[in-house]
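Reading through the structure tokens given below for one structure.
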Amino acid sequence: MNDTLLWYTTRGAGAVSLVLLTAVVVLGILSALRVKGAGWPRFLTTGLHRNLALMTLVFLGLHIVTAVVDPFTHLGWLTAVVPFSSYYRTFWLGLGTISFELLLAIVMTSLARGFIGHAAWRMVHWLTYASWPVAVIHGIGTGTDTLSAWLLVLTVACVAAVVAAIGFRVTAGSRDPLEEPRTTFQAAVQRREPR
Amino acid sequence: MDRNTQDRVRAREAALRLLNRLTTGVGVGALAGVGVLGAVSAYTIPGAATSSQTASTATSSSASSTSSTSGLGSSSTPINSSSSGSGVVVSGGT
Amino acid sequence: MTRLLAGRDLALGAEGLAEHLQRLGPLPAAGPSLTEALVRSGLAGSGGAAYPTGLKWRSVAAESNGTAVVIVNGAEGEPRSLKDRLLMTTRPHLILDGAFLAAKAVRAKQVVLYIGEEHRASQDSMARALAERTGEERRLVRTVSAPARYVAGASSAAVHLVDEGIATPTTAPPSAHERGVAGAPTLVQNVETLAQVALVARNGSPTGTLLVTVAGGVFRPGVLEIQAQTTVAEAVELAGGASEPPHGVLLGGYFGTWVKAANAWELPLDHDALRARGLTLGCGVIGVLPGSRCVVCEVAGIMRYLASESSAQCGPCFFGLRALADACTRIAERGTDPADLQRLQRWSAEVSGRGACHHPDGAVMFLQSALATFPDDFAGHRPHLRRAA
């Protein structure tokens with residue numbers, strides 16, 4: 001039990017992070033669509049979205065730490081924050097770094113929404129649509145030398161889920177008759193500069 | 001509190017409990033997933049050592065990276081911790 | 001006997017710090033004893049919900065570990081209410097005293113002044129009063145403008161504005177006293193409640209008075225400070241008396257309840273007494289509807305206003321209230337149609353309890369109260385030859 005344990009943990013945590021991130025994206029889209037059901041109020045969707053987003057960061061942390069700590073990979077801590085700074089699979093790993101940093105920015109701004117205001121928060125949150133596909137490509141690319149059925153199946157399932165959710169949003173969302181009055185109201189009650 | 005409010009408060013608390021249970025469930029599932037998917041990758045990916053060997057030969061001059069990993073690697077590994085440039089790797093299985 | 005509005009003539013404007021201290025003495029220390037005194041006194045909040053103040057403080061203090069936030073609610077979004085503005089422009093130091101006492105009692109690290117953006121005189125007065133306070137007190141304070149919308153005055157909207165930048169109300173958990181601004185336990189108090197606290201701290205008990213706004217068909221509409229249990233008749237008398245025999249009285253503002261004039265006069269202006277009769281004192285607005293105005297048309301107008309003030313967070317409120325308002329307007333402008341009366345009942349039941357916040361519930365309660373109090377007016381309304389102004 002030694003370095004390969006680290007390496008398998010990296011792969012396991014990476015796959016789990018992708019699944020979690022996919023769930024977070026889908027829940028985010030469902031939140032925007034204000035879905036609800038019996039015994040499932042709207043705040044459940046947003047609450048789960050938030051909880052799983054934080055959980056994703058935890059497992060992503062595990063993925064990154066085990067990858068860097070593993071002597072086989074020869075990755076320094078720098079590669080976790082500076083994209084394209086590794087020798088090993090420079091491009092694909094770099095994408096992972098980018099995806100991680102986008103996710104970090106999204107979570108940080110969400111936690112500090114009171115400071116930065118609603119409009120700024122919304123703008124940064126759109127970066128989710130960049131972070132997730134970059135994570136998917138990182139997953140496929142970094143593991144191409146050892147691409148196996150399970151990873152492929154997992155990736156396809158994740159992509160299918162997000163595509164379905166986006167499709168649902170695009171078709172059902174445009175029919176939301178509350179969207180315009182809601183946005184108008186929110187614009188009217190935004191925080192102005194205090195005296 | 002009138003009945004209507006009481007019902008709503010109860011429904012709200014039930015939903016909150018559901019949220020906590022779901023979060024915990026996903027957390028446990030995720031931890032299990034790391035183990036399961038890690039094991040699956042162990043079975044489906046042959047020759048893990050060879051792939052990392054090709055990686056390490058390319059990193060002979062990355063002194064900073066090796067010094068940071070040397071102290072943190074698994075202590076039971078039989079390879080020499082200062083793998084700078086040596087490119088020698090021993091397979092993990094014993 | 002102390003009163004909230006004791007001291008210099010109200011027409012002379014805000015009471016400065018020196019005068020305030022000379023009249024009432026220094027600000028007493030706060031602590032658990034003040035919270036217990038509030039619990040014992042049974043003081044209820046003056047923002048409309050009449051929630052026991054001491055219990056609220058206890059909840060927030062229990063959750064706080066030095067991170068709590070106090071929000072001073074001076075939004076006064078109820079259109080006919082004037083009492084909060086009067087307090088802010090004439091006795092700002094009572095409010096600030098109460099706010100800082102609350103901050104000590106719940107171990108808060110911030111006090112937010114949430115004042116209606118359209119209440120310029122109140123904003124100026126509170127800012128000037130704040131400038132007179134100690135540096136330590138001033139450093140705690142942050143001033144935020146409450147948007148000029150009806151729902152922005154709700155506690156949850158206040159917390160939402162301070163925390164996330166938009167003043168939309170909600171009933172989603174957690175409640176403010178558990179996790180409010182930045183996840184910290186948050187205490188939201190109306191300015192009149194805090195003014196009472198300032199006097200409880202000095203005298204051991206509240207004043208036994210409350211502020212009401214008499215509006216509508218009276219000769220001297222405006223704010224009155226009345227003893228508890230004062231009747232509606234006495235309050236109307238103090239406001240100069242009714243200008244003409246009224247239809248009835250709307251108690252508690254636009255989320256309030258109607259009473260026929262004959263039944264209203266003997267009613268005591270007290271939260272518990274009114275609640276026992278299925279009525280509400282709410283934010284203390286006593287709206288006297290003159291006999292020359294039409295009940296149905298008045299109700300329709302208020303329903304249109306409440307519908308237009310929906311935050312459009314959910315269908316039941318945005319569409320439901322609009323449908324109810326439209327039906328009321330049809331009755332007002334074209335005369336009663338039994339189908340519309342049925343719709344009012346049906347839709348009221350469908351809207352109640354289904355909103356993302358309490359706005360639709362308040363509007364439905366207002367409408368149901370009107371229908372129950374003036375059934376004949378609604379059953380046989382005919383369009384007027386000339387619209388009332």
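Letters for chains follow the order of the structure tokens (A, B, ...), residue numbers begin at 1 for each chain, and ligand numbers begin at 1 in the order shown.
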
**Request:** Compute the chain A side of the contact with chain B at 9 Å, counting only C-alpha atoms, and hand it back as a ChimeraX atom specification.
**Result:** /A:1-17,19-20,39-41,43-45,47-48,51-52,55,59,68-78,87-89,145-151

Output file for the residues above (N, CA and C atoms, as a compact mmCIF listing (two decimals), in the first residue's frame):
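Below is the file that was written, selection-v2.txt:
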# COMPACT_ATOMS: atom_id res chain seq x y z
N MET A 1 0.86 -1.19 0.00
CA MET A 1 0.00 0.00 0.00
C MET A 1 0.88 1.21 0.00
N ASN A 2 0.99 1.84 -1.09
CA ASN A 2 1.91 2.99 -1.16
C ASN A 2 1.50 3.96 -2.26
N ASP A 3 2.39 4.27 -3.13
CA ASP A 3 2.13 5.31 -4.10
C ASP A 3 0.95 5.00 -5.00
N THR A 4 0.79 3.79 -5.42
CA THR A 4 -0.32 3.50 -6.31
C THR A 4 -1.64 3.74 -5.58
N LEU A 5 -1.64 3.57 -4.27
CA LEU A 5 -2.87 3.90 -3.54
C LEU A 5 -3.21 5.36 -3.75
N LEU A 6 -2.19 6.21 -3.65
CA LEU A 6 -2.40 7.62 -3.89
C LEU A 6 -2.96 7.84 -5.28
N TRP A 7 -2.37 7.16 -6.23
CA TRP A 7 -2.75 7.37 -7.62
C TRP A 7 -4.19 6.92 -7.88
N TYR A 8 -4.59 5.78 -7.32
CA TYR A 8 -5.96 5.32 -7.51
C TYR A 8 -6.93 6.23 -6.78
N THR A 9 -6.49 6.73 -5.64
CA THR A 9 -7.33 7.69 -4.93
C THR A 9 -7.52 8.95 -5.78
N THR A 10 -6.45 9.37 -6.43
CA THR A 10 -6.57 10.54 -7.31
C THR A 10 -7.63 10.30 -8.37
N ARG A 11 -7.55 9.15 -8.99
CA ARG A 11 -8.50 8.87 -10.06
C ARG A 11 -9.92 8.74 -9.50
N GLY A 12 -10.04 8.02 -8.38
CA GLY A 12 -11.35 7.85 -7.77
C GLY A 12 -11.95 9.20 -7.37
N ALA A 13 -11.14 10.01 -6.69
CA ALA A 13 -11.64 11.31 -6.23
C ALA A 13 -11.96 12.21 -7.41
N GLY A 14 -11.16 12.09 -8.48
CA GLY A 14 -11.42 12.90 -9.66
C GLY A 14 -12.75 12.54 -10.30
N ALA A 15 -12.99 11.23 -10.42
CA ALA A 15 -14.25 10.79 -11.01
C ALA A 15 -15.42 11.23 -10.15
N VAL A 16 -15.29 11.04 -8.83
CA VAL A 16 -16.36 11.44 -7.92
C VAL A 16 -16.59 12.95 -7.99
N SER A 17 -15.51 13.72 -8.09
CA SER A 17 -15.66 15.17 -8.22
C SER A 17 -16.44 15.53 -9.46
N VAL A 19 -18.68 13.70 -10.99
CA VAL A 19 -20.09 13.35 -10.77
C VAL A 19 -20.75 14.40 -9.89
N LEU A 20 -20.06 14.78 -8.81
CA LEU A 20 -20.62 15.79 -7.91
C LEU A 20 -20.82 17.11 -8.63
N GLY A 39 -43.65 17.83 -0.77
CA GLY A 39 -42.61 17.52 0.19
C GLY A 39 -41.23 17.95 -0.28
N TRP A 40 -41.17 18.65 -1.41
CA TRP A 40 -39.88 19.11 -1.94
C TRP A 40 -40.01 20.58 -2.28
N PRO A 41 -39.86 21.47 -1.29
CA PRO A 41 -39.95 22.90 -1.58
C PRO A 41 -38.73 23.40 -2.34
N PHE A 43 -36.54 25.57 -1.71
CA PHE A 43 -35.26 25.80 -1.03
C PHE A 43 -34.47 24.51 -0.87
N LEU A 44 -35.13 23.36 -1.05
CA LEU A 44 -34.42 22.08 -0.99
C LEU A 44 -33.46 21.96 -2.17
N THR A 45 -33.94 22.37 -3.35
CA THR A 45 -33.08 22.28 -4.53
C THR A 45 -31.88 23.20 -4.37
N GLY A 47 -30.69 24.40 -1.58
CA GLY A 47 -29.88 23.96 -0.45
C GLY A 47 -28.97 22.81 -0.83
N LEU A 48 -29.52 21.86 -1.57
CA LEU A 48 -28.71 20.72 -2.01
C LEU A 48 -27.62 21.19 -2.97
N ASN A 51 -24.90 22.69 -0.80
CA ASN A 51 -24.16 21.68 -0.03
C ASN A 51 -23.25 20.86 -0.93
N LEU A 52 -23.78 20.43 -2.08
CA LEU A 52 -22.97 19.59 -2.96
C LEU A 52 -21.83 20.38 -3.59
N MET A 55 -19.22 20.22 -1.13
CA MET A 55 -18.70 18.86 -1.10
C MET A 55 -17.77 18.61 -2.29
N PHE A 59 -13.86 17.03 -2.33
CA PHE A 59 -13.33 15.88 -3.06
C PHE A 59 -12.34 16.32 -4.13
N VAL A 68 -0.72 15.69 -6.26
CA VAL A 68 0.52 16.43 -6.05
C VAL A 68 1.47 15.65 -5.15
N VAL A 69 0.90 15.02 -4.14
CA VAL A 69 1.71 14.32 -3.15
C VAL A 69 2.34 13.06 -3.72
N ASP A 70 1.70 12.50 -4.72
CA ASP A 70 2.18 11.27 -5.33
C ASP A 70 3.55 11.51 -5.99
N PRO A 71 4.60 10.82 -5.54
CA PRO A 71 5.93 11.07 -6.12
C PRO A 71 6.03 10.65 -7.58
N PHE A 72 5.16 9.75 -7.99
CA PHE A 72 5.22 9.30 -9.37
C PHE A 72 4.87 10.39 -10.36
N THR A 73 3.94 11.25 -9.94
CA THR A 73 3.46 12.23 -10.90
C THR A 73 4.41 13.41 -11.04
N HIS A 74 5.28 13.59 -10.07
CA HIS A 74 6.21 14.72 -10.10
C HIS A 74 5.50 16.04 -10.33
N LEU A 75 4.39 16.19 -9.70
CA LEU A 75 3.66 17.46 -9.77
C LEU A 75 3.98 18.27 -8.52
N GLY A 76 4.26 19.54 -8.70
CA GLY A 76 4.46 20.38 -7.53
C GLY A 76 3.16 21.05 -7.15
N TRP A 77 3.13 21.66 -5.98
CA TRP A 77 1.93 22.37 -5.55
C TRP A 77 1.59 23.50 -6.51
N LEU A 78 2.61 23.97 -7.23
CA LEU A 78 2.40 25.08 -8.15
C LEU A 78 1.42 24.70 -9.25
N TYR A 87 5.00 19.28 -16.25
CA TYR A 87 5.62 18.62 -17.39
C TYR A 87 4.77 17.46 -17.83
N TYR A 88 4.13 16.82 -16.89
CA TYR A 88 3.29 15.66 -17.19
C TYR A 88 1.97 16.13 -17.77
N ARG A 89 1.71 15.71 -19.00
CA ARG A 89 0.43 16.00 -19.64
C ARG A 89 0.03 17.48 -19.44
N ASP A 145 -4.22 7.98 -21.76
CA ASP A 145 -3.31 6.84 -21.89
C ASP A 145 -3.89 5.59 -21.26
N THR A 146 -4.81 5.79 -20.38
CA THR A 146 -5.39 4.62 -19.73
C THR A 146 -6.91 4.71 -19.76
N LEU A 147 -7.44 5.19 -20.86
CA LEU A 147 -8.89 5.35 -20.96
C LEU A 147 -9.57 4.01 -20.85
N SER A 148 -10.54 3.92 -19.97
CA SER A 148 -11.19 2.64 -19.80
C SER A 148 -12.70 2.83 -19.83
N ALA A 149 -13.38 1.72 -19.93
CA ALA A 149 -14.83 1.74 -20.15
C ALA A 149 -15.56 2.50 -19.05
N TRP A 150 -15.16 2.27 -17.81
CA TRP A 150 -15.93 2.87 -16.72
C TRP A 150 -15.89 4.38 -16.77
N LEU A 151 -14.70 4.91 -17.07
CA LEU A 151 -14.57 6.37 -17.12
C LEU A 151 -15.37 6.93 -18.28

**Request:** Pick out the chain A residues within 6 Å of chain C. Count only C-alpha atoms. Give them as number ranges by chain.
**Result:** A: 113-114, 117-118, 181-182, 185, 189-191, 194

**Message:** Would you mind listing, as a ChimeraX atom specification, all residues of chain C that have at least one atom within 12 Å of chain B, where only C-alpha atoms are what counts?
**Reply:** /C:49,51,171-175,275,278,352-358,361

**Message:** My list of candidates is A:Ala172, A:Ala112, A:Ala135, A:His49. Which is closest to Val26 in chain A when distances are computed with only C-alpha atoms?
**Reply:**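 Closest to Val26 in chain A, using only C-alpha atoms: A:His49.
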
**Message:** So that I can see what lies close to Glu178 in chain C, please list as JSON, numbers by chain the residues with an atom at most 12 Å from it, counting only C-alpha atoms and leaving out residues fewer than 4 positions away in the same chain.
**Reply:** {"C": [56, 57, 58, 59, 60, 61, 62, 63, 64, 65, 67, 68, 69, 159, 173, 174, 182, 183, 184, 185, 186, 187, 188]}

If you run DSSP on the backbone, which residues of range 10-226 of chain C are helix (DSSP H, G or I), as a tab-separated table (two decimals) with C-alpha atoms, in the first residue's frame?
chain	number	residue	atom	x	y	z
C	10	LEU	CA	-42.52	67.75	18.01
C	11	ALA	CA	-42.75	70.69	15.64
C	12	LEU	CA	-39.25	71.73	16.71
C	17	LEU	CA	-28.11	64.13	22.29
C	18	ALA	CA	-27.48	66.66	25.05
C	19	GLU	CA	-31.17	67.32	25.57
C	20	HIS	CA	-31.93	63.60	25.36
C	21	LEU	CA	-29.37	62.78	28.07
C	22	GLN	CA	-30.49	65.66	30.25
C	23	ARG	CA	-34.10	64.53	30.06
C	24	LEU	CA	-33.56	60.80	30.50
C	32	PRO	CA	-29.14	39.59	30.32
C	33	SER	CA	-31.07	41.57	32.91
C	34	LEU	CA	-32.46	43.83	30.20
C	35	THR	CA	-33.53	40.85	28.12
C	36	GLU	CA	-35.25	39.35	31.15
C	37	ALA	CA	-36.93	42.66	31.92
C	38	LEU	CA	-38.27	42.71	28.36
C	39	VAL	CA	-39.57	39.17	28.70
C	40	ARG	CA	-41.29	40.02	32.00
C	41	SER	CA	-42.81	43.18	30.59
C	53	THR	CA	-39.51	41.31	22.02
C	54	GLY	CA	-37.81	39.62	24.98
C	55	LEU	CA	-38.24	36.17	23.47
C	56	LYS	CA	-36.77	37.38	20.19
C	57	TRP	CA	-33.73	38.76	22.01
C	58	ARG	CA	-33.30	35.50	23.88
C	59	SER	CA	-33.32	33.48	20.62
C	60	VAL	CA	-30.76	35.67	18.92
C	61	ALA	CA	-28.55	35.91	22.00
C	62	ALA	CA	-28.59	32.13	22.32
C	63	GLU	CA	-27.35	31.67	18.76
C	83	LYS	CA	-45.29	56.78	13.17
C	84	ASP	CA	-41.84	55.43	12.35
C	85	ARG	CA	-40.96	58.53	10.40
C	86	LEU	CA	-42.15	60.69	13.27
C	87	LEU	CA	-39.93	58.84	15.72
C	88	MET	CA	-36.91	59.01	13.42
C	89	THR	CA	-37.30	62.75	12.81
C	90	THR	CA	-38.06	63.78	16.39
C	92	PRO	CA	-33.71	59.57	16.96
C	93	HIS	CA	-31.65	59.05	20.11
C	94	LEU	CA	-34.34	56.88	21.67
C	95	ILE	CA	-34.05	54.61	18.66
C	96	LEU	CA	-30.26	54.62	18.70
C	97	ASP	CA	-30.22	53.91	22.43
C	98	GLY	CA	-32.46	50.90	21.86
C	99	ALA	CA	-30.31	49.73	18.97
C	100	PHE	CA	-27.06	49.86	20.94
C	101	LEU	CA	-28.68	48.22	23.95
C	102	ALA	CA	-29.87	45.43	21.66
C	103	ALA	CA	-26.41	45.12	20.17
C	104	LYS	CA	-24.89	44.65	23.62
C	105	ALA	CA	-27.58	42.24	24.77
C	120	ARG	CA	-35.22	61.73	3.29
C	121	ALA	CA	-35.98	63.68	6.46
C	122	SER	CA	-35.70	60.49	8.51
C	123	GLN	CA	-32.39	59.58	6.89
C	124	ASP	CA	-30.99	63.05	7.59
C	125	SER	CA	-32.22	63.04	11.16
C	126	MET	CA	-30.80	59.62	11.97
C	127	ALA	CA	-27.49	60.47	10.32
C	128	ARG	CA	-27.17	63.68	12.33
C	129	ALA	CA	-28.06	61.87	15.52
C	130	LEU	CA	-25.54	59.15	14.77
C	131	ALA	CA	-22.83	61.76	14.31
C	135	GLY	CA	-16.88	56.63	18.19
C	136	GLU	CA	-17.33	53.13	19.51
C	137	GLU	CA	-21.06	53.29	18.77
C	138	ARG	CA	-20.61	54.87	15.36
C	139	ARG	CA	-18.19	52.17	14.27
C	140	LEU	CA	-20.85	49.52	14.76
C	150	TYR	CA	-44.27	47.54	0.03
C	151	VAL	CA	-42.61	44.19	0.67
C	152	ALA	CA	-39.17	45.71	1.26
C	153	GLY	CA	-40.22	46.53	4.82
C	155	SER	CA	-37.95	41.50	8.11
C	156	SER	CA	-36.83	38.84	5.65
C	157	ALA	CA	-36.55	41.42	2.88
C	158	ALA	CA	-34.39	43.59	5.12
C	159	VAL	CA	-32.08	40.70	5.87
C	160	HIS	CA	-31.99	39.78	2.19
C	161	LEU	CA	-31.06	43.29	1.12
C	162	VAL	CA	-28.25	43.60	3.63
C	163	ASP	CA	-26.99	40.10	2.97
C	164	GLU	CA	-27.42	39.60	-0.77
C	181	VAL	CA	-26.94	38.40	7.47
C	182	ALA	CA	-23.77	36.53	6.47
C	183	GLY	CA	-25.08	33.47	8.23
C	191	VAL	CA	-37.83	51.67	15.45
C	192	GLU	CA	-40.75	52.11	17.86
C	193	THR	CA	-39.88	48.87	19.62
C	194	LEU	CA	-36.29	50.04	20.08
C	195	ALA	CA	-37.51	53.37	21.43
C	196	GLN	CA	-39.55	51.45	24.02
C	197	VAL	CA	-36.46	49.39	24.88
C	198	ALA	CA	-34.52	52.57	25.60
C	199	LEU	CA	-37.14	53.51	28.17
C	200	VAL	CA	-37.44	50.01	29.64
C	201	ALA	CA	-33.70	50.10	30.28
C	202	ARG	CA	-34.06	53.31	32.26
C	203	ASN	CA	-37.40	52.75	34.00

**Asked** Among range 90-216 of chain C, which ones does DSSP place in strand (DSSP E), written as an MDAnalysis selection string?
**Response** chainID C and resid 108:116 141:146 186:190 209:216
